[in-house]
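Undergrad: So I've got this file, my_file.cif, and it contains mmCIF, C-alpha atoms:
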```cif
data_input
loop_
_atom_site.label_atom_id
_atom_site.label_comp_id
_atom_site.auth_asym_id
_atom_site.auth_seq_id
_atom_site.Cartn_x
_atom_site.Cartn_y
_atom_site.Cartn_z
CA MET A 1379 -161.02 251.49 3.60
CA ASN A 1380 -162.95 253.01 0.66
CA GLU A 1381 -165.87 251.44 -1.19
CA GLN A 1382 -163.81 250.46 -4.24
CA THR A 1383 -161.32 248.57 -2.08
CA ILE A 1384 -164.17 246.77 -0.28
CA GLU A 1385 -165.75 245.74 -3.59
CA THR A 1386 -162.39 244.48 -4.89
CA THR A 1387 -161.85 242.45 -1.72
CA GLU A 1388 -165.35 240.94 -1.96
CA GLU A 1389 -164.76 239.98 -5.58
CA LYS A 1390 -161.52 238.24 -4.64
CA VAL A 1391 -163.25 236.37 -1.82
CA GLU A 1392 -165.99 235.23 -4.21
CA GLU A 1393 -163.35 234.05 -6.70
CA VAL A 1394 -161.58 232.05 -4.00
CA VAL A 1395 -164.88 230.50 -2.85
CA GLU A 1396 -165.80 229.53 -6.42
CA GLU A 1397 -162.36 228.02 -6.99
CA ALA A 1398 -162.71 226.04 -3.77
CA LYS A 1399 -166.14 224.79 -4.83
CA SER A 1400 -164.81 223.70 -8.22
CA ALA A 1401 -161.87 221.95 -6.60
CA SER A 1402 -164.20 220.16 -4.20
CA VAL A 1403 -166.46 218.99 -7.03
CA ASN A 1404 -163.51 217.72 -9.05
CA LYS A 1405 -162.08 215.96 -6.05
CA ALA A 1406 -165.41 214.38 -5.12
CA SER A 1407 -165.89 213.07 -8.65
CA LYS A 1408 -162.64 211.13 -8.39
CA LEU A 1409 -162.90 209.69 -4.90
CA SER A 1410 -160.69 206.69 -4.35
CA PRO A 1411 -161.93 203.69 -2.31
CA ARG A 1412 -159.80 204.95 0.59
CA MET A 1413 -161.47 208.37 0.47
CA ILE A 1414 -164.96 206.84 0.25
CA HIS A 1415 -164.10 204.72 3.28
CA GLU A 1416 -163.01 207.81 5.20
CA VAL A 1417 -166.10 209.82 4.22
CA ILE A 1418 -168.41 207.04 5.44
CA ARG A 1419 -166.32 206.45 8.57
CA VAL A 1420 -166.50 210.12 9.56
CA ASP A 1421 -170.25 210.19 8.90
CA GLY A 1422 -170.57 207.06 11.01
CA GLU A 1423 -168.69 208.64 13.91
CA GLU A 1424 -171.07 211.60 13.81
CA GLU A 1425 -174.06 209.25 13.86
CA LEU A 1426 -172.66 207.38 16.85
CA ARG A 1427 -172.46 210.65 18.78
CA ARG A 1428 -175.96 211.91 17.95
CA PRO A 1429 -178.31 212.42 20.93
CA PHE A 1430 -181.07 209.96 21.82
CA LYS A 1431 -184.01 212.14 20.77
CA SER A 1432 -182.52 212.95 17.37
CA LEU A 1433 -181.93 209.29 16.56
CA PHE A 1434 -185.31 208.19 17.91
CA TRP A 1435 -187.51 210.66 16.04
CA SER A 1436 -185.49 210.27 12.85
CA GLY A 1437 -185.93 206.51 13.12
CA VAL A 1438 -189.69 206.80 13.72
CA ALA A 1439 -190.03 209.08 10.70
CA ALA A 1440 -188.06 206.60 8.58
CA GLY A 1441 -190.34 203.74 9.68
CA ILE A 1442 -193.43 205.73 8.70
CA LEU A 1443 -192.09 206.96 5.36
CA ILE A 1444 -190.70 203.58 4.26
CA SER A 1445 -194.35 202.45 4.11
CA PHE A 1446 -194.60 204.39 0.85
CA SER A 1447 -192.51 201.63 -0.72
CA ILE A 1448 -195.42 199.23 -0.19
CA VAL A 1449 -198.00 201.88 -1.06
CA GLY A 1450 -196.15 202.75 -4.27
CA LYS A 1451 -195.96 199.11 -5.29
CA ALA A 1452 -199.66 198.67 -4.51
CA VAL A 1453 -200.52 201.64 -6.76
CA PHE A 1454 -198.76 200.07 -9.74
CA GLU A 1455 -200.25 196.62 -9.06
CA THR A 1456 -203.74 198.13 -8.86
CA TYR A 1457 -203.73 200.24 -11.99
CA LEU A 1458 -201.41 198.37 -14.37
CA PRO A 1459 -202.79 195.53 -16.49
CA ASP A 1460 -201.94 191.99 -15.37
CA MET A 1461 -199.18 191.39 -17.92
CA PRO A 1462 -195.83 189.55 -17.67
CA TRP A 1463 -193.92 192.85 -17.58
CA ARG A 1464 -195.94 194.33 -14.71
CA HIS A 1465 -193.59 192.89 -12.08
CA LEU A 1466 -190.71 194.91 -13.55
CA VAL A 1467 -192.69 198.14 -13.43
CA ASP A 1468 -194.59 197.83 -10.16
CA ASN A 1469 -191.34 197.43 -8.22
CA LEU A 1470 -190.41 200.96 -9.21
CA GLY A 1471 -192.97 201.85 -6.55
CA TYR A 1472 -190.80 199.99 -4.05
CA SER A 1473 -188.19 202.73 -4.45
CA PHE A 1474 -190.55 205.50 -3.28
CA GLY A 1475 -190.08 204.98 0.45
CA PHE A 1476 -186.31 204.58 0.16
CA LEU A 1477 -186.05 207.82 -1.79
CA LEU A 1478 -187.99 209.64 0.94
CA VAL A 1479 -185.89 208.17 3.75
CA ILE A 1480 -182.40 208.34 2.23
CA LEU A 1481 -182.72 211.74 0.55
CA GLY A 1482 -184.37 213.03 3.73
CA ARG A 1483 -181.32 211.82 5.73
CA MET A 1484 -183.48 209.84 8.15
CA GLN A 1485 -182.29 206.91 10.23
CA LEU A 1486 -182.77 203.56 8.51
CA PHE A 1487 -181.38 200.52 10.30
CA THR A 1488 -179.90 198.85 7.23
CA GLU A 1489 -177.84 201.91 6.30
CA ASN A 1490 -176.17 201.61 9.70
CA THR A 1491 -174.96 198.07 8.98
CA ILE A 1492 -172.03 199.70 7.17
CA MET A 1493 -171.97 203.41 8.09
CA THR A 1494 -171.63 202.99 11.85
CA VAL A 1495 -169.63 199.77 11.67
CA LEU A 1496 -166.66 201.28 9.84
CA PRO A 1497 -165.64 203.61 12.71
CA VAL A 1498 -165.92 200.70 15.16
CA ALA A 1499 -163.81 198.49 12.90
CA SER A 1500 -161.25 201.29 12.56
CA LYS A 1501 -161.03 201.98 16.29
CA PRO A 1502 -162.46 198.99 18.22
CA SER A 1503 -163.06 199.51 21.93
CA ARG A 1504 -165.72 198.79 24.52
CA VAL A 1505 -166.94 202.38 24.25
CA MET A 1506 -167.32 202.15 20.47
CA PHE A 1507 -169.10 198.80 20.62
CA ALA A 1508 -171.44 200.17 23.29
CA ARG A 1509 -172.23 203.18 21.08
CA LEU A 1510 -172.88 200.89 18.13
CA GLY A 1511 -175.19 198.65 20.14
CA ARG A 1512 -177.06 201.69 21.47
CA LEU A 1513 -177.54 203.15 17.99
CA TRP A 1514 -178.57 199.85 16.38
CA GLY A 1515 -181.08 199.04 19.10
CA LEU A 1516 -182.49 202.56 19.19
CA VAL A 1517 -182.82 202.98 15.43
CA LEU A 1518 -184.29 199.52 14.84
CA GLY A 1519 -186.80 200.03 17.66
CA ALA A 1520 -187.74 203.47 16.34
CA ASN A 1521 -188.10 202.10 12.80
CA LEU A 1522 -190.47 199.43 14.13
CA ILE A 1523 -192.58 201.99 15.96
CA GLY A 1524 -192.87 203.99 12.74
CA CYS A 1525 -193.81 200.85 10.79
CA PHE A 1526 -196.62 200.02 13.25
CA ILE A 1527 -197.88 203.62 13.16
CA ALA A 1528 -198.03 203.39 9.36
CA ALA A 1529 -199.74 199.98 9.45
CA LEU A 1530 -202.36 201.13 11.97
CA THR A 1531 -203.05 204.25 9.93
CA ILE A 1532 -203.44 202.29 6.69
CA THR A 1533 -205.62 199.60 8.32
CA TYR A 1534 -207.94 201.80 10.37
CA GLY A 1535 -207.37 205.38 9.24
CA SER A 1536 -209.03 205.24 5.80
CA VAL A 1537 -206.05 207.10 4.34
CA LEU A 1538 -205.77 204.94 1.21
CA PRO A 1539 -208.40 204.70 -1.52
CA PRO A 1540 -210.35 201.44 -1.04
CA GLU A 1541 -209.22 200.13 -4.43
CA LEU A 1542 -205.57 200.07 -3.23
CA LEU A 1543 -206.18 197.96 -0.13
CA PRO A 1544 -206.51 194.56 -1.89
CA ALA A 1545 -203.10 195.02 -3.56
CA PHE A 1546 -201.54 196.21 -0.28
CA ASP A 1547 -203.00 193.17 1.47
CA ASP A 1548 -201.79 190.79 -1.26
CA ILE A 1549 -198.24 192.21 -1.20
CA SER A 1550 -198.08 191.85 2.59
CA ARG A 1551 -199.40 188.27 2.61
CA LYS A 1552 -196.91 187.16 -0.03
CA ALA A 1553 -194.02 188.77 1.89
CA MET A 1554 -195.01 187.00 5.11
CA SER A 1555 -195.47 183.61 3.43
CA LEU A 1556 -191.74 183.02 2.96
CA PRO A 1557 -190.19 180.26 5.12
CA ALA A 1558 -187.71 181.53 7.71
CA ALA A 1559 -184.66 180.02 5.96
CA GLU A 1560 -185.64 181.63 2.65
CA GLY A 1561 -186.27 184.98 4.34
CA PHE A 1562 -182.77 184.81 5.86
CA ALA A 1563 -181.16 183.87 2.54
CA ARG A 1564 -182.95 186.64 0.64
CA GLY A 1565 -182.00 189.13 3.35
CA ILE A 1566 -178.28 188.69 2.64
CA PRO A 1567 -178.26 190.22 -0.88
CA ALA A 1568 -180.59 192.97 0.32
CA GLY A 1569 -178.09 193.86 3.04
CA ILE A 1570 -175.25 193.83 0.53
CA LEU A 1571 -177.14 196.10 -1.89
CA ILE A 1572 -178.08 198.67 0.76
CA ALA A 1573 -174.49 198.73 2.03
CA ALA A 1574 -173.25 199.13 -1.56
CA LEU A 1575 -175.73 201.96 -2.03
CA VAL A 1576 -174.34 203.76 1.04
CA TRP A 1577 -170.82 203.16 -0.29
CA MET A 1578 -171.69 204.83 -3.61
CA LEU A 1579 -173.55 207.87 -2.27
CA PRO A 1580 -170.45 210.03 -1.53
CA GLN A 1581 -169.61 210.16 -5.23
CA ALA A 1582 -173.11 209.80 -6.71
CA GLY A 1583 -173.45 213.57 -7.10
CA GLY A 1584 -176.37 214.50 -9.34
CA SER A 1585 -177.10 210.81 -9.99
CA ILE A 1586 -178.11 210.06 -6.40
CA PHE A 1587 -181.82 209.81 -7.32
CA TRP A 1588 -181.14 207.14 -9.94
CA VAL A 1589 -178.66 205.25 -7.79
CA ILE A 1590 -181.22 204.90 -5.00
CA THR A 1591 -184.04 204.10 -7.42
CA LEU A 1592 -182.19 201.40 -9.37
CA PHE A 1593 -180.68 199.57 -6.41
CA THR A 1594 -183.87 199.53 -4.35
CA TRP A 1595 -185.83 198.52 -7.48
CA LEU A 1596 -183.44 195.58 -7.80
CA ILE A 1597 -184.19 194.55 -4.20
CA GLY A 1598 -187.91 194.63 -4.95
CA VAL A 1599 -187.87 192.94 -8.35
CA CYS A 1600 -185.64 190.09 -7.09
CA GLY A 1601 -187.82 189.53 -4.03
CA PHE A 1602 -184.98 190.18 -1.59
CA THR A 1603 -186.11 190.82 1.99
CA HIS A 1604 -185.54 194.12 3.79
CA ILE A 1605 -186.09 194.26 7.54
CA VAL A 1606 -187.64 197.76 7.71
CA ALA A 1607 -189.74 197.81 4.54
CA GLY A 1608 -190.79 194.25 5.32
CA SER A 1609 -191.73 195.27 8.85
CA VAL A 1610 -194.46 197.50 7.39
CA GLU A 1611 -195.94 194.37 5.80
CA MET A 1612 -195.43 192.42 9.02
CA ALA A 1613 -197.08 195.14 11.10
CA TYR A 1614 -200.01 195.32 8.71
CA MET A 1615 -200.58 191.57 8.96
CA ILE A 1616 -200.45 191.76 12.77
CA VAL A 1617 -202.74 194.77 13.26
CA SER A 1618 -205.25 193.44 10.71
CA GLY A 1619 -205.44 190.17 12.64
CA GLN A 1620 -204.04 187.95 9.87
CA MET A 1621 -200.85 186.96 11.73
CA ASN A 1622 -199.85 186.63 15.36
CA ILE A 1623 -196.82 188.47 16.65
CA PHE A 1624 -194.89 185.35 17.69
CA SER A 1625 -195.16 183.80 14.23
CA ALA A 1626 -194.20 187.13 12.63
CA VAL A 1627 -191.10 187.51 14.78
CA GLY A 1628 -190.00 183.90 14.36
CA THR A 1629 -190.59 183.42 10.66
CA PHE A 1630 -189.90 186.92 9.34
CA PHE A 1631 -188.32 189.44 11.68
CA ILE A 1632 -185.41 187.51 13.21
CA PRO A 1633 -184.33 185.64 10.04
CA VAL A 1634 -184.50 188.74 7.83
CA LEU A 1635 -182.75 190.88 10.45
CA PHE A 1636 -179.84 188.44 10.62
CA GLY A 1637 -179.76 188.15 6.82
CA ASN A 1638 -179.48 191.91 6.38
CA VAL A 1639 -176.76 192.15 9.04
CA VAL A 1640 -174.78 189.28 7.49
CA GLY A 1641 -175.00 190.89 4.04
CA GLY A 1642 -174.43 194.49 5.08
CA THR A 1643 -171.90 194.05 7.87
CA LEU A 1644 -170.17 190.67 7.75
CA ILE A 1645 -169.85 190.53 3.96
CA PHE A 1646 -169.89 194.01 2.40
CA THR A 1647 -168.32 195.96 5.25
CA PHE A 1648 -165.57 193.34 5.61
CA LEU A 1649 -164.79 193.55 1.89
CA ALA A 1650 -164.93 197.35 1.90
CA LYS A 1651 -162.57 197.49 4.86
CA ALA A 1652 -160.22 194.83 3.46
CA GLN A 1653 -159.68 196.59 0.13
CA VAL A 1654 -158.36 199.75 1.81
CA SER A 1655 -156.81 198.38 5.01
CA GLU A 1656 -153.24 198.73 3.68
CA GLU A 1657 -153.87 202.32 2.53
CA ILE A 1658 -155.23 203.71 5.81
CA PRO A 1659 -152.72 204.89 8.43
CA HIS A 1660 -152.71 202.73 11.56
CA GLN A 1661 -155.09 204.01 14.22
CA GLU A 1662 -154.51 203.23 17.83
CA THR A 1663 -157.32 201.47 19.57
CA GLY A 1664 -158.83 202.81 22.74
CA PRO A 1665 -161.78 204.78 24.05
CA ALA A 1666 -163.16 207.37 21.66
#
```
Could you write out this file's structure as structure tokens?
TA:
Amino acid sequence: MNEQTIETTEEKVEEVVEEAKSASVNKASKLSPRMIHEVIRVDGEEELRRPFKSLFWSGVAAGILISFSIVGKAVFETYLPDMPWRHLVDNLGYSFGFLLVILGRMQLFTENTIMTVLPVASKPSRVMFARLGRLWGLVLGANLIGCFIAALTITYGSVLPPELLPAFDDISRKAMSLPAAEGFARGIPAGILIAALVWMLPQAGGSIFWVITLFTWLIGVCGFTHIVAGSVEMAYMIVSGQMNIFSAVGTFFIPVLFGNVVGGTLIFTFLAKAQVSEEIPHQETGPA
């Protein structure tokens, strides 16, 4: 084969690749609810099969990085004037940690309330439920470890400028002052919004930054409770000696955890599954 023939062949291959890319972009921009369901379900199946170490370290990293949501909010509260509009602006800082975690493809428990539930709902079996329980427990535990590492570092590591600490402390105390019933109730819309965010990501394209920012800003500005971001505040209150662990678990952790699961799994995932159930070919149940 001469050089001219090789060049012609390469050009044709490049043309085919470019056409395929264009077709993929066009198709992705018009994803139907059924296709979004399938994209998330396939991603969820991959997550359920990931090895222990990968899930654990990804979850720890997510727990550490989500602390930047509280740090970001503290920065705005510290340096912005105390005006009526400040609450709308300082909660933009709440989006910082979520941007780091979601764009970094790290394991956040609340994302898994829809992503890993869809494959189990599509093919329920003891094996699938066991995989789901393993992933939920592992990721939530790893997130908590990361949150406590972040809280210990902020409290004793002198990593933040001293002028930010009063705002960080104030944000944490306010978050932990909610009654258990209110924490549960506010956890439900937070779970719904995170699940909706995951649902939109497959077709967000170049708008993914703004989708994450706006929806997590809404969680912050409305005072909804998020189990992982809130666990940074909980951990800070515990390690700084302002709250005992039993009170933290009873009044914050358990109610908010159940609220997020109800919103993300029982409400949003059920609705997402119901709207496409007649469009998805029947799948036989059984071990995966």
Undergrad: Residues at most 6 Å from stretch 1597-1602 of chain A, counting all atoms listed in the file, excluding those fewer than 3 positions away in the same chain, as a PyMOL selection string?
TA: chain A and resi 1469+1564-1565+1568+1594
Undergrad: Separation of atom CA of A:Ala1582 and atom CA of A:Ser1436, in Å?
TA: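 Result for atom CA of A:Ala1582 versus atom CA of A:Ser1436: 23.2 Å, one decimal.
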Undergrad: Near A:Phe1587, within 10 Å and counting only C-alpha atoms, which residues show up once chain neighbours fewer than 5 positions away are dropped, as a list in words?
TA: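 Listed by chain and then number, they are Ser1473, Leu1477, Ile1480, Leu1481, Leu1579, Ala1582 and Leu1592 of chain A.
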Undergrad: Quick one, how far is atom CA of A:Gly1475 from atom CA of A:Leu1510?
TA: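 Pair atom CA of A:Gly1475 / atom CA of A:Leu1510 returns 25.0 Å.
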Undergrad: One number please: atom CA of A:Pro1540 to atom CA of A:Glu1611, in Å, one decimal.
TA: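 So the answer is 17.4 Å.
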Undergrad: Near stretch 1408-1425 of chain A, counting all atoms listed in the file, which residues have an atom at most 6 Å away, once you skip same-chain residues fewer than 3 positions from it, shown as a list in words?
TA: Lys1405, Arg1428, Met1493, Thr1494, Leu1496, Pro1497 and Val1654 of chain A
Undergrad: Using only C-alpha atoms, which protein or nucleic acid residues come within 10 Å of A:Glu1455? Drop anything in the same chain fewer than 3 positions from it, and give the result as a compact mmCIF listing (two decimals) with C-alpha atoms, keeping the file's coordinate frame.
TA:
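Below you can see selection-v1.txt, which holds the result:
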```txt
# COMPACT_ATOMS: atom_id res chain seq x y z
CA VAL A 1449 -198.00 201.88 -1.06
CA GLY A 1450 -196.15 202.75 -4.27
CA LYS A 1451 -195.96 199.11 -5.29
CA ALA A 1452 -199.66 198.67 -4.51
CA LEU A 1458 -201.41 198.37 -14.37
CA PRO A 1459 -202.79 195.53 -16.49
CA ASP A 1460 -201.94 191.99 -15.37
CA ARG A 1464 -195.94 194.33 -14.71
CA HIS A 1465 -193.59 192.89 -12.08
CA VAL A 1467 -192.69 198.14 -13.43
CA ASP A 1468 -194.59 197.83 -10.16
CA ASN A 1469 -191.34 197.43 -8.22
CA GLY A 1471 -192.97 201.85 -6.55
CA LEU A 1542 -205.57 200.07 -3.23
CA PRO A 1544 -206.51 194.56 -1.89
CA ALA A 1545 -203.10 195.02 -3.56
CA PHE A 1546 -201.54 196.21 -0.28
CA ASP A 1548 -201.79 190.79 -1.26
CA ILE A 1549 -198.24 192.21 -1.20
```
Undergrad: Identify, on the basis of only C-alpha atoms, every residue whose closest approach to A:Val1640 does not exceed 10 Å; exclude the query and any residue fewer than 3 positions from it along the same chain; express the result as a list in words.
TA: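 Surrounding residues, per the criterion: Thr1491, Phe1562, Ala1563, Gly1565, Ile1566, Pro1567, Ala1568, Gly1569, Ile1570, Val1634, Leu1635, Phe1636, Gly1637, Thr1643, Leu1644, Ile1645, Phe1646 and Thr1647 of chain A.
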Undergrad: Counting only C-alpha atoms, figure out which residue out of A:Gly1561, A:Phe1476, A:Ser1555, A:Gly1535 gets nearest to A:Val1589.
TA: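 Of all the options, A:Phe1476 lies closest to A:Val1589.
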Undergrad: Considering only C-alpha atoms, state which residue in the set A:Ile1632, A:Val1627, A:Leu1486, A:Ile1442 is at the smallest distance from A:Leu1518.
TA: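 Closest to A:Leu1518 of all the choices is A:Leu1486.
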Undergrad: Could the centre and edge lengths of an axis-aligned box, enclosing all atoms of stretch 1507-1514 of chain A in the file with 8 Å extra on each side, be given in Å to one decimal as AutoDock Vina command-line options?
TA:
```
--center_x -173.8 --center_y 200.9 --center_z 19.8 --size_x 25.5 --size_y 20.5 --size_z 22.9
```
Undergrad: Between A:Phe1474, A:Asn1521, A:Met1554, A:Phe1434, which residue has the minimum interatomic distance to A:Asn1622, considering only C-alpha atoms?
TA: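 The shortest atom-to-atom distance to A:Asn1622 comes from A:Met1554.
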